[in-house]
file structure.cif (mmCIF, C-alpha atoms and all ligand atoms)
data_work
#
loop_
_atom_site.label_atom_id
_atom_site.label_comp_id
_atom_site.auth_asym_id
_atom_site.auth_seq_id
_atom_site.Cartn_x
_atom_site.Cartn_y
_atom_site.Cartn_z
CA MET X 1 -5.90 0.68 4.68
CA LEU X 2 -9.41 1.66 3.48
CA GLY X 3 -9.31 -1.18 0.97
CA SER X 4 -6.61 -3.31 -0.64
CA GLY X 5 -6.56 -5.85 -3.45
CA SER X 6 -6.94 -6.09 -7.20
CA ALA X 7 -10.47 -4.62 -7.03
CA GLY X 8 -9.19 -1.36 -5.59
CA ASN X 9 -6.59 0.16 -3.29
CA VAL X 10 -6.92 3.20 -1.02
CA THR X 11 -4.76 4.00 2.00
CA LEU X 12 -5.36 6.86 4.43
CA LEU X 13 -2.42 8.52 6.15
CA GLN X 14 -3.24 10.90 8.99
CA GLY X 15 -0.81 13.18 10.77
CA LEU X 16 -0.73 16.67 12.22
CA ASP X 17 -1.51 18.29 8.86
CA GLN X 18 -4.24 17.34 6.38
CA PRO X 19 -4.78 13.61 5.64
CA VAL X 20 -3.25 12.05 2.52
CA LEU X 21 -4.67 9.29 0.33
CA ILE X 22 -2.22 6.87 -1.26
CA ASP X 23 -3.97 5.62 -4.43
CA VAL X 24 -7.71 6.07 -5.06
CA GLY X 25 -8.59 2.77 -6.70
CA LEU X 26 -12.15 2.25 -5.44
CA SER X 27 -15.19 4.09 -6.78
CA TYR X 28 -15.62 7.64 -5.53
CA ARG X 29 -18.74 6.63 -3.63
CA GLU X 30 -16.97 3.78 -1.89
CA VAL X 31 -13.97 5.94 -0.97
CA ALA X 32 -16.30 8.56 0.54
CA ARG X 33 -18.20 5.85 2.42
CA ARG X 34 -15.06 4.29 3.87
CA LEU X 35 -13.61 7.67 4.83
CA ASP X 36 -16.86 8.32 6.66
CA THR X 37 -16.52 5.08 8.67
CA VAL X 38 -13.19 6.32 10.04
CA GLY X 39 -14.55 9.81 10.70
CA VAL X 40 -12.64 11.63 7.94
CA SER X 41 -14.36 14.12 5.66
CA PRO X 42 -13.26 13.93 2.00
CA ASP X 43 -13.03 17.72 2.11
CA SER X 44 -10.28 17.51 4.70
CA VAL X 45 -7.96 15.44 2.47
CA GLY X 46 -4.92 17.46 1.43
CA ALA X 47 -3.33 15.33 -1.28
CA VAL X 48 -3.59 12.16 -3.37
CA VAL X 49 -0.37 10.25 -4.05
CA ILE X 50 -0.31 7.63 -6.83
CA THR X 51 1.95 4.55 -6.92
CA HIS X 52 1.34 3.53 -10.54
CA ALA X 53 -1.08 3.73 -13.46
CA HIS X 54 -3.13 0.58 -12.92
CA GLY X 55 -6.87 1.06 -12.58
CA ASP X 56 -7.05 -0.62 -9.18
CA HIS X 57 -4.92 2.29 -7.89
CA THR X 58 -6.26 5.23 -9.92
CA ARG X 59 -9.96 4.58 -10.57
CA SER X 60 -11.45 7.70 -8.97
CA ALA X 61 -8.29 9.72 -8.34
CA ALA X 62 -9.17 12.44 -10.87
CA LEU X 63 -12.78 12.69 -9.73
CA PHE X 64 -11.72 12.90 -6.09
CA SER X 65 -9.18 15.57 -7.03
CA ARG X 66 -11.75 17.69 -8.87
CA ARG X 67 -14.51 17.36 -6.29
CA HIS X 68 -12.29 18.32 -3.37
CA ASP X 69 -9.70 20.51 -5.12
CA VAL X 70 -6.89 18.16 -4.11
CA PRO X 71 -3.55 17.87 -5.94
CA VAL X 72 -2.58 14.49 -7.40
CA TYR X 73 1.09 13.60 -6.93
CA ALA X 74 2.60 11.22 -9.49
CA THR X 75 5.85 10.71 -11.35
CA ALA X 76 6.04 12.40 -14.76
CA ALA X 77 5.69 9.09 -16.62
CA THR X 78 2.67 7.99 -14.57
CA ARG X 79 1.11 11.44 -15.01
CA ALA X 80 1.50 11.12 -18.79
CA ILE X 81 -0.35 7.79 -18.73
CA LEU X 82 -3.13 9.20 -16.56
CA GLU X 83 -3.49 12.30 -18.74
CA SER X 84 -3.90 10.14 -21.82
CA ALA X 85 -6.80 8.29 -20.22
CA ARG X 86 -10.01 10.11 -21.06
CA THR X 87 -11.71 9.69 -17.70
CA ALA X 88 -8.68 10.83 -15.74
CA ALA X 89 -7.79 13.78 -17.94
CA ASN X 90 -8.81 16.50 -15.56
CA VAL X 91 -7.40 16.67 -12.08
CA ALA X 92 -7.62 19.83 -9.97
CA SER X 93 -3.82 20.14 -10.03
CA TRP X 94 -0.72 18.00 -10.30
CA GLY X 95 2.07 17.53 -7.79
CA GLN X 96 5.41 16.27 -9.00
CA LEU X 97 7.04 13.08 -7.70
CA ALA X 98 10.48 11.94 -8.85
CA CYS X 99 12.16 8.67 -7.98
CA ASP X 100 14.76 8.95 -5.23
CA THR X 101 13.77 12.55 -4.53
CA THR X 102 11.99 13.50 -1.31
CA SER X 103 8.75 15.51 -1.53
CA GLU X 104 7.09 17.09 1.49
CA ILE X 105 3.34 16.39 1.31
CA CYS X 106 1.02 17.49 4.14
CA GLY X 107 3.76 17.11 6.74
CA PHE X 108 4.97 13.71 5.50
CA ARG X 109 8.23 13.24 3.62
CA PHE X 110 7.64 10.89 0.68
CA THR X 111 10.62 9.35 -1.11
CA PRO X 112 9.45 7.23 -4.08
CA PHE X 113 11.67 4.59 -5.62
CA GLU X 114 11.11 2.23 -8.51
CA VAL X 115 9.96 -1.35 -7.91
CA SER X 116 9.49 -4.35 -10.19
CA HIS X 117 5.93 -4.34 -11.58
CA ASP X 118 4.33 -4.27 -15.01
CA ALA X 119 2.56 -0.90 -15.24
CA ALA X 120 3.06 1.04 -18.50
CA ALA X 121 5.09 3.66 -16.64
CA GLU X 122 7.27 3.00 -13.63
CA THR X 123 5.71 1.69 -10.42
CA VAL X 124 6.94 3.28 -7.22
CA ALA X 125 7.08 2.24 -3.59
CA PHE X 126 7.56 4.83 -0.86
CA VAL X 127 9.59 5.48 2.19
CA ILE X 128 7.41 7.89 4.18
CA GLU X 129 9.02 9.79 7.03
CA THR X 130 6.62 10.86 9.79
CA PRO X 131 7.25 12.48 13.19
CA ASP X 132 6.58 9.04 14.76
CA GLY X 133 8.82 6.92 12.56
CA THR X 134 9.21 5.80 8.98
CA VAL X 135 6.77 3.74 6.93
CA GLY X 136 7.82 1.53 4.01
CA PHE X 137 4.96 1.20 1.50
CA ALA X 138 5.06 -1.27 -1.43
CA THR X 139 1.79 -2.77 -2.66
CA ASP X 140 2.55 -4.10 -6.16
CA ILE X 141 5.93 -5.79 -6.50
CA GLY X 142 6.89 -8.89 -8.46
CA VAL X 143 10.05 -9.44 -6.45
CA VAL X 144 11.90 -7.86 -3.55
CA THR X 145 14.72 -5.91 -5.17
CA PRO X 146 18.03 -5.03 -3.48
CA VAL X 147 16.93 -1.37 -3.44
CA LEU X 148 13.70 -2.20 -1.61
CA ARG X 149 15.61 -4.35 0.85
CA THR X 150 17.90 -1.42 1.68
CA ARG X 151 15.20 1.27 1.79
CA PHE X 152 12.91 -0.75 4.07
CA ARG X 153 15.59 -1.69 6.61
CA ASP X 154 15.15 1.27 8.99
CA CYS X 155 11.37 1.55 8.89
CA ARG X 156 9.05 1.26 11.89
CA MET X 157 6.16 -0.14 9.87
CA LEU X 158 6.03 -1.92 6.52
CA VAL X 159 3.01 -2.09 4.25
CA ILE X 160 3.96 -4.79 1.79
CA GLU X 161 2.27 -7.08 -0.68
CA SER X 162 1.29 -10.65 0.22
CA ASN X 163 -0.70 -11.34 -2.94
CA HIS X 164 -1.05 -15.09 -3.33
CA ALA X 165 -0.15 -18.48 -1.97
CA ASP X 166 2.06 -20.15 -4.58
CA ASP X 167 0.13 -23.43 -4.52
CA LEU X 168 -3.31 -21.78 -4.61
CA LEU X 169 -2.26 -19.73 -7.64
CA GLN X 170 -1.01 -22.81 -9.46
CA VAL X 171 -4.16 -24.90 -8.88
CA GLY X 172 -6.51 -21.92 -9.24
CA PRO X 173 -8.80 -20.99 -12.15
CA TYR X 174 -6.60 -18.40 -13.93
CA ALA X 175 -5.23 -19.02 -17.44
CA ARG X 176 -1.62 -20.17 -17.64
CA SER X 177 -0.54 -16.80 -19.06
CA THR X 178 -2.16 -14.93 -16.16
CA LYS X 179 -0.56 -17.26 -13.61
CA ASP X 180 2.81 -16.63 -15.24
CA ARG X 181 2.23 -12.86 -15.17
CA ILE X 182 1.24 -12.83 -11.49
CA SER X 183 4.10 -15.06 -10.34
CA GLY X 184 6.64 -13.33 -12.61
CA ALA X 185 9.29 -10.82 -11.56
CA ARG X 186 7.05 -7.92 -12.66
CA GLY X 187 3.82 -9.32 -11.21
CA HIS X 188 2.78 -9.73 -7.59
CA LEU X 189 4.59 -10.90 -4.46
CA SER X 190 3.59 -14.26 -2.96
CA ASN X 191 3.13 -15.08 0.72
CA GLU X 192 6.23 -17.28 0.44
CA SER X 193 8.40 -14.56 -1.13
CA LEU X 194 7.34 -12.13 1.58
CA ALA X 195 8.19 -14.74 4.23
CA GLN X 196 11.63 -15.14 2.69
CA PHE X 197 12.15 -11.37 2.84
CA ILE X 198 11.06 -11.34 6.50
CA ARG X 199 13.42 -14.15 7.45
CA ALA X 200 16.40 -12.69 5.63
CA ASP X 201 16.00 -8.92 5.63
CA LEU X 202 13.50 -7.54 8.14
CA GLY X 203 15.04 -4.53 9.88
CA ASP X 204 15.38 -4.52 13.69
CA SER X 205 13.30 -1.33 13.95
CA VAL X 206 10.19 -2.82 12.29
CA ARG X 207 7.29 -3.11 14.76
CA CYS X 208 4.40 -3.80 12.43
CA VAL X 209 3.90 -5.50 9.07
CA VAL X 210 0.71 -4.78 7.14
CA LEU X 211 -0.05 -7.39 4.48
CA ALA X 212 -1.43 -5.72 1.35
CA HIS X 213 -3.06 -6.52 -2.00
CA LEU X 214 -4.23 -10.05 -1.09
CA SER X 215 -5.83 -11.93 -3.97
CA ARG X 216 -9.40 -12.99 -3.29
CA VAL X 217 -9.00 -15.93 -5.70
CA ASN X 218 -5.47 -17.15 -4.94
CA ASN X 219 -5.07 -16.39 -1.26
CA VAL X 220 -6.79 -16.73 2.10
CA PRO X 221 -6.23 -14.01 4.74
CA GLU X 222 -5.54 -16.60 7.45
CA ILE X 223 -2.93 -18.36 5.30
CA ALA X 224 -1.19 -15.09 4.44
CA GLU X 225 -1.12 -14.09 8.10
CA MET X 226 0.11 -17.52 9.26
CA THR X 227 2.88 -17.60 6.65
CA CYS X 228 4.05 -14.16 7.80
CA ARG X 229 3.83 -15.04 11.50
CA GLU X 230 5.79 -18.26 11.00
CA ALA X 231 8.55 -16.31 9.29
CA LEU X 232 8.60 -13.76 12.12
CA GLU X 233 8.75 -16.48 14.77
CA ALA X 234 11.48 -18.35 12.91
CA SER X 235 13.46 -15.08 13.11
CA GLY X 236 12.74 -14.55 16.82
CA ARG X 237 10.61 -11.50 16.02
CA HIS X 238 7.56 -12.33 18.16
CA GLU X 239 7.05 -8.64 19.00
CA VAL X 240 6.17 -7.62 15.45
CA GLN X 241 2.46 -7.04 14.90
CA VAL X 242 0.84 -8.40 11.74
CA ILE X 243 -2.21 -6.73 10.23
CA VAL X 244 -4.02 -8.09 7.19
CA SER X 245 -5.62 -5.50 4.95
CA ARG X 246 -8.84 -6.46 3.19
CA GLN X 247 -10.61 -5.74 -0.05
CA ASP X 248 -14.12 -5.37 1.34
CA ARG X 249 -13.53 -3.49 4.56
CA VAL X 250 -11.33 -0.98 6.35
CA ALA X 251 -8.40 -2.66 8.11
CA THR X 252 -7.28 -2.10 11.69
CA THR X 253 -5.87 1.39 12.15
CA VAL X 254 -2.22 1.54 13.14
CA ASP X 255 -1.00 4.36 15.39
CA LEU X 256 2.74 4.85 14.90
CA GLY X 257 2.85 7.15 17.92
CA VAL X 258 2.42 4.20 20.27
CA TRP X 259 5.84 2.84 19.36
CA ALA X 260 7.39 6.27 19.31
CA SER X 261 6.31 6.97 22.90
CA GLN X 262 6.45 3.48 24.44
CA ARG X 263 9.56 2.05 22.83
CA GLY X 264 7.99 -0.70 20.86
CA HIS X 265 5.18 -2.09 22.96
CA GLY X 266 1.56 -2.41 21.93
CA THR X 267 -0.64 -0.77 19.35
CA VAL X 268 -4.01 0.77 19.19
CA GLY X 269 -6.46 -0.14 16.51
CA ARG X 270 -9.98 -0.89 15.61
CA GLN X 271 -11.70 -2.98 13.02
CA VAL X 272 -14.48 -1.40 11.04
CA ALA X 273 -16.68 -3.87 9.22
CA LEU X 274 -18.64 -2.57 6.27
CA PRO X 275 -21.93 -4.09 5.15
CA PHE X 276 -21.42 -5.61 1.67
ZN ZN G 1 -2.68 -3.34 -7.82
ZN ZN G 2 -0.46 -2.89 -10.37
#
call {"tool": "encode", "arguments": {"input": "structure.cif", "output": "structure tokens"}}
result
Amino acid sequence: MLGSGSAGNVTLLQGLDQPVLIDVGLSYREVARRLDTVGVSPDSVGAVVITHAHGDHTRSAALFSRRHDVPVYATAATRAILESARTAANVASWGQLACDTTSEICGFRFTPFEVSHDAAAETVAFVIETPDGTVGFATDIGVVTPVLRTRFRDCRMLVIESNHADDLLQVGPYARSTKDRISGARGHLSNESLAQFIRADLGDSVRCVVLAHLSRVNNVPEIAEMTCREALEASGRHEVQVIVSRQDRVATTVDLGVWASQRGHGTVGRQVALPF
């Protein structure tokens, strides 16, 4: 996770083929800088995949696409929104995503499905099949839907939103209408709602949970992590690793191959701190 939160989301997926970016919601300069810290050239990126048409997920997608001649994959409805935005009008090329249809992108098999969020067009989460196991990816979701519950059951790793602590949101500085939007069914998932999902529905094959899209105003990374860990321990799932993604720095890298080759023990990773 090169960056995650309401000020910009970018995730790097590396496999045997060219790397893929999921969302390009930071400035172009910042994306290039963070790719550099993990030793990836922007020129090597093979595709950009977009979850939904909110600026914190699309900010420099078109510019990145043009500069590096990279296709942008989006659903037809999200593409229409992006094409109507002046700054995002010109991408190098478009790739087509359709809900519940699998697309092969740079050696990964992406299956998007609709989630509950308030973008103008549909918001999608992904099940991403890799040679080392399946990743469930859902960064902006108001609630955990039955479809998400089913699709995420057989994943090895989940990237899932842990946006706010319910009590911090309620006592925080946002206007009532904004609080209602965030906590609503088409807003953002709370630490507590994620914990409930973990206690009730976490699949046996999950080895790692990456907490995404944390609010800098209504959450604290340590609280989000503790809430998730408590839910895991209450379910007897001590073996599951928890990683907290951050807005201002690149998160610990997760290597899915470790679980594929060692049957569920250990991870490799590194933390890269960026000067801000
Ligand atoms: Zn977002
Ligand atoms: Zn959003």
call {"tool": "residues_near_ligand", "arguments": {"input": "structure.cif", "ligand": "ligand ZN 2 (chain G)", "cutoff": "7 Å", "atoms": "all atoms listed in the file", "output": "PDB file with C-alpha atoms, in the coordinates of the input"}}
result
ATOM      1  CA  HIS X  52       1.340   3.530 -10.540  1.00  0.00           C
ATOM      2  CA  HIS X  54      -3.130   0.580 -12.920  1.00  0.00           C
ATOM      3  CA  HIS X 117       5.930  -4.340 -11.580  1.00  0.00           C
ATOM      4  CA  ASP X 118       4.330  -4.270 -15.010  1.00  0.00           C
ATOM      5  CA  ALA X 119       2.560  -0.900 -15.240  1.00  0.00           C
ATOM      6  CA  ASP X 140       2.550  -4.100  -6.160  1.00  0.00           C
TER       7      ASP X 140
END
call {"tool": "residues_near_ligand", "arguments": {"input": "structure.cif", "ligand": "ligand ZN 1 (chain G)", "cutoff": "10 Å", "atoms": "all atoms listed in the file", "output": "list in words"}}
result
Ser4, Gly5, Ser6, Ala7, Gly8, Asn9, Asp23, Gly25, Thr51, His52, Ala53, His54, Gly55, Asp56, His57, Thr58, His117, Ala119, Thr139, Asp140, Ile141, Glu161, Asn163, Gly187, His188, Ala212, His213, Leu214 and Ser215 of chain X
call {"tool": "axis_aligned_box", "arguments": {"input": "structure.cif", "around": "range 207-222 of chain X", "padding_each_side": "4 Å", "output": "AutoDock Vina command-line options"}}
result
--center_x -1.1 --center_y -10.1 --center_z 4.5 --size_x 24.7 --size_y 22.0 --size_z 28.5
call {"tool": "closest_residue", "arguments": {"input": "structure.cif", "among": "X:Thr101, X:Arg216, X:Val48, X:Val38", "to": "Leu21 in chain X", "atoms": "all atoms listed in the file"}}
result
X:Val48
call {"tool": "atom_distance", "arguments": {"input": "structure.cif", "atom1": "CA of Val127 in chain X", "atom2": "CA of Ala92 in chain X"}}
result
25.5 Å
call {"tool": "residues_around", "arguments": {"input": "structure.cif", "residues": "Leu168 in chain X", "least_positions_apart": "5", "cutoff": "9 Å", "atoms": "all atoms listed in the file", "output": "PDB file with C-alpha atoms, in the coordinates of the input"}}
result
ATOM      1  CA  VAL X 217      -9.000 -15.930  -5.700  1.00  0.00           C
ATOM      2  CA  ASN X 218      -5.470 -17.150  -4.940  1.00  0.00           C
ATOM      3  CA  ASN X 219      -5.070 -16.390  -1.260  1.00  0.00           C
TER       4      ASN X 219
END
call {"tool": "residues_around", "arguments": {"input": "structure.cif", "residues": "Met157 in chain X", "least_positions_apart": "3", "cutoff": "9 Å", "atoms": "only C-alpha atoms", "output": "number ranges by chain"}}
result
X: 133-137, 152, 205-210, 256
call {"tool": "closest_residue", "arguments": {"input": "structure.cif", "among": "X:Glu230, X:Glu122, X:Asp154, X:Glu192", "to": "Ala74 in chain X", "atoms": "only C-alpha atoms"}}
result
X:Glu122
call {"tool": "atom_distance", "arguments": {"input": "structure.cif", "atom1": "CA of Arg149 in chain X", "atom2": "CA of Ala125 in chain X"}}
result
11.7 Å
call {"tool": "closest_residue", "arguments": {"input": "structure.cif", "among": "X:Pro173, X:Pro112, X:Gly15, X:Pro42", "to": "Arg67 in chain X", "atoms": "only C-alpha atoms"}}
result
X:Pro42
call {"tool": "closest_residue", "arguments": {"input": "structure.cif", "among": "X:Gln96, X:Thr130, X:Ser41, X:Ser235", "to": "Asp255 in chain X", "atoms": "only C-alpha atoms"}}
result
X:Thr130
call {"tool": "residues_near_point", "arguments": {"input": "structure.cif", "point": "(8.5, 6.3, 18.3)", "cutoff": "6 Å", "atoms": "all atoms listed in the file", "output": "PyMOL selection string"}}
result
chain X and resi 132-133+257+259-261
call {"tool": "atom_distance", "arguments": {"input": "structure.cif", "atom1": "CA of Ala80 in chain X", "atom2": "CA of Arg66 in chain X"}}
result
17.8 Å
call {"tool": "decode", "arguments": {"input": "structure.cif", "residues": "range 77-160 of chain X", "atoms": "C-alpha atoms", "output": "PDB file, in the first residue's frame"}}
result
ATOM      1  CA  ALA X  77     -19.967   3.608 -15.717  1.00  0.00           C
ATOM      2  CA  THR X  78     -16.809   4.707 -13.887  1.00  0.00           C
ATOM      3  CA  ARG X  79     -15.077   5.342 -17.217  1.00  0.00           C
ATOM      4  CA  ALA X  80     -17.967   7.596 -18.273  1.00  0.00           C
ATOM      5  CA  ILE X  81     -17.562   9.650 -15.082  1.00  0.00           C
ATOM      6  CA  LEU X  82     -13.805   9.929 -15.557  1.00  0.00           C
ATOM      7  CA  GLU X  83     -14.169  10.904 -19.218  1.00  0.00           C
ATOM      8  CA  SER X  84     -16.545  13.702 -18.278  1.00  0.00           C
ATOM      9  CA  ALA X  85     -13.972  15.173 -15.904  1.00  0.00           C
ATOM     10  CA  ARG X  86     -11.821  17.632 -17.817  1.00  0.00           C
ATOM     11  CA  THR X  87      -8.513  16.762 -16.185  1.00  0.00           C
ATOM     12  CA  ALA X  88      -8.981  13.040 -16.647  1.00  0.00           C
ATOM     13  CA  ALA X  89     -10.257  13.160 -20.202  1.00  0.00           C
ATOM     14  CA  ASN X  90      -7.216  11.728 -21.875  1.00  0.00           C
ATOM     15  CA  VAL X  91      -5.816   8.400 -20.842  1.00  0.00           C
ATOM     16  CA  ALA X  92      -3.383   6.464 -23.037  1.00  0.00           C
ATOM     17  CA  SER X  93      -5.958   3.690 -23.457  1.00  0.00           C
ATOM     18  CA  TRP X  94      -8.874   2.107 -21.634  1.00  0.00           C
ATOM     19  CA  GLY X  95      -9.242  -1.437 -20.378  1.00  0.00           C
ATOM     20  CA  GLN X  96     -12.701  -2.784 -19.718  1.00  0.00           C
ATOM     21  CA  LEU X  97     -13.829  -4.083 -16.327  1.00  0.00           C
ATOM     22  CA  ALA X  98     -17.281  -5.569 -15.762  1.00  0.00           C
ATOM     23  CA  CYS X  99     -18.758  -6.614 -12.439  1.00  0.00           C
ATOM     24  CA  ASP X 100     -18.638 -10.350 -11.799  1.00  0.00           C
ATOM     25  CA  THR X 101     -16.488 -10.904 -14.888  1.00  0.00           C
ATOM     26  CA  THR X 102     -12.845 -11.931 -14.590  1.00  0.00           C
ATOM     27  CA  SER X 103     -10.208  -9.904 -16.459  1.00  0.00           C
ATOM     28  CA  GLU X 104      -6.609 -11.023 -16.820  1.00  0.00           C
ATOM     29  CA  ILE X 105      -4.334  -8.037 -16.129  1.00  0.00           C
ATOM     30  CA  CYS X 106      -0.533  -8.455 -16.089  1.00  0.00           C
ATOM     31  CA  GLY X 107      -0.781 -12.050 -14.888  1.00  0.00           C
ATOM     32  CA  PHE X 108      -3.386 -11.344 -12.183  1.00  0.00           C
ATOM     33  CA  ARG X 109      -7.023 -12.374 -12.500  1.00  0.00           C
ATOM     34  CA  PHE X 110      -9.228  -9.490 -11.329  1.00  0.00           C
ATOM     35  CA  THR X 111     -12.906 -10.128 -10.598  1.00  0.00           C
ATOM     36  CA  PRO X 112     -14.667  -6.876  -9.642  1.00  0.00           C
ATOM     37  CA  PHE X 113     -17.957  -6.874  -7.781  1.00  0.00           C
ATOM     38  CA  GLU X 114     -20.154  -4.049  -6.582  1.00  0.00           C
ATOM     39  CA  VAL X 115     -19.935  -2.798  -2.992  1.00  0.00           C
ATOM     40  CA  SER X 116     -21.961  -0.294  -0.979  1.00  0.00           C
ATOM     41  CA  HIS X 117     -20.436   3.187  -1.386  1.00  0.00           C
ATOM     42  CA  ASP X 118     -21.606   6.572  -2.626  1.00  0.00           C
ATOM     43  CA  ALA X 119     -19.614   7.233  -5.805  1.00  0.00           C
ATOM     44  CA  ALA X 120     -21.609   8.561  -8.788  1.00  0.00           C
ATOM     45  CA  ALA X 121     -21.052   5.282 -10.635  1.00  0.00           C
ATOM     46  CA  GLU X 122     -20.722   1.895  -9.004  1.00  0.00           C
ATOM     47  CA  THR X 123     -17.851   1.226  -6.609  1.00  0.00           C
ATOM     48  CA  VAL X 124     -16.124  -2.111  -6.987  1.00  0.00           C
ATOM     49  CA  ALA X 125     -14.071  -4.344  -4.742  1.00  0.00           C
ATOM     50  CA  PHE X 126     -11.863  -7.056  -6.207  1.00  0.00           C
ATOM     51  CA  VAL X 127     -11.049 -10.669  -5.785  1.00  0.00           C
ATOM     52  CA  ILE X 128      -7.547 -10.933  -7.277  1.00  0.00           C
ATOM     53  CA  GLU X 129      -6.227 -14.389  -8.080  1.00  0.00           C
ATOM     54  CA  THR X 130      -2.433 -14.695  -8.038  1.00  0.00           C
ATOM     55  CA  PRO X 131      -0.143 -17.735  -8.364  1.00  0.00           C
ATOM     56  CA  ASP X 132       0.429 -17.496  -4.578  1.00  0.00           C
ATOM     57  CA  GLY X 133      -3.171 -17.203  -3.432  1.00  0.00           C
ATOM     58  CA  THR X 134      -6.145 -14.901  -3.668  1.00  0.00           C
ATOM     59  CA  VAL X 135      -6.398 -11.325  -2.408  1.00  0.00           C
ATOM     60  CA  GLY X 136      -9.689  -9.680  -1.406  1.00  0.00           C
ATOM     61  CA  PHE X 137      -9.490  -5.900  -1.904  1.00  0.00           C
ATOM     62  CA  ALA X 138     -12.187  -3.500  -0.634  1.00  0.00           C
ATOM     63  CA  THR X 139     -11.172   0.007   0.424  1.00  0.00           C
ATOM     64  CA  ASP X 140     -14.400   2.043   0.399  1.00  0.00           C
ATOM     65  CA  ILE X 141     -17.430   0.202   1.769  1.00  0.00           C
ATOM     66  CA  GLY X 142     -20.251   1.481   3.945  1.00  0.00           C
ATOM     67  CA  VAL X 143     -21.240  -1.984   5.089  1.00  0.00           C
ATOM     68  CA  VAL X 144     -20.132  -5.573   4.586  1.00  0.00           C
ATOM     69  CA  THR X 145     -22.638  -6.994   2.115  1.00  0.00           C
ATOM     70  CA  PRO X 146     -23.545 -10.699   1.799  1.00  0.00           C
ATOM     71  CA  VAL X 147     -21.755 -10.751  -1.579  1.00  0.00           C
ATOM     72  CA  LEU X 148     -18.528  -9.420  -0.066  1.00  0.00           C
ATOM     73  CA  ARG X 149     -18.787 -11.921   2.767  1.00  0.00           C
ATOM     74  CA  THR X 150     -19.011 -14.782   0.259  1.00  0.00           C
ATOM     75  CA  ARG X 151     -16.337 -13.515  -2.141  1.00  0.00           C
ATOM     76  CA  PHE X 152     -13.780 -12.886   0.613  1.00  0.00           C
ATOM     77  CA  ARG X 153     -14.189 -16.265   2.316  1.00  0.00           C
ATOM     78  CA  ASP X 154     -11.480 -18.169   0.411  1.00  0.00           C
ATOM     79  CA  CYS X 155      -8.857 -15.437   0.211  1.00  0.00           C
ATOM     80  CA  ARG X 156      -5.333 -15.652   1.613  1.00  0.00           C
ATOM     81  CA  MET X 157      -5.076 -11.926   2.282  1.00  0.00           C
ATOM     82  CA  LEU X 158      -7.711  -9.242   2.763  1.00  0.00           C
ATOM     83  CA  VAL X 159      -7.202  -5.539   2.197  1.00  0.00           C
ATOM     84  CA  ILE X 160     -10.239  -4.009   3.830  1.00  0.00           C
TER      85      ILE X 160
END
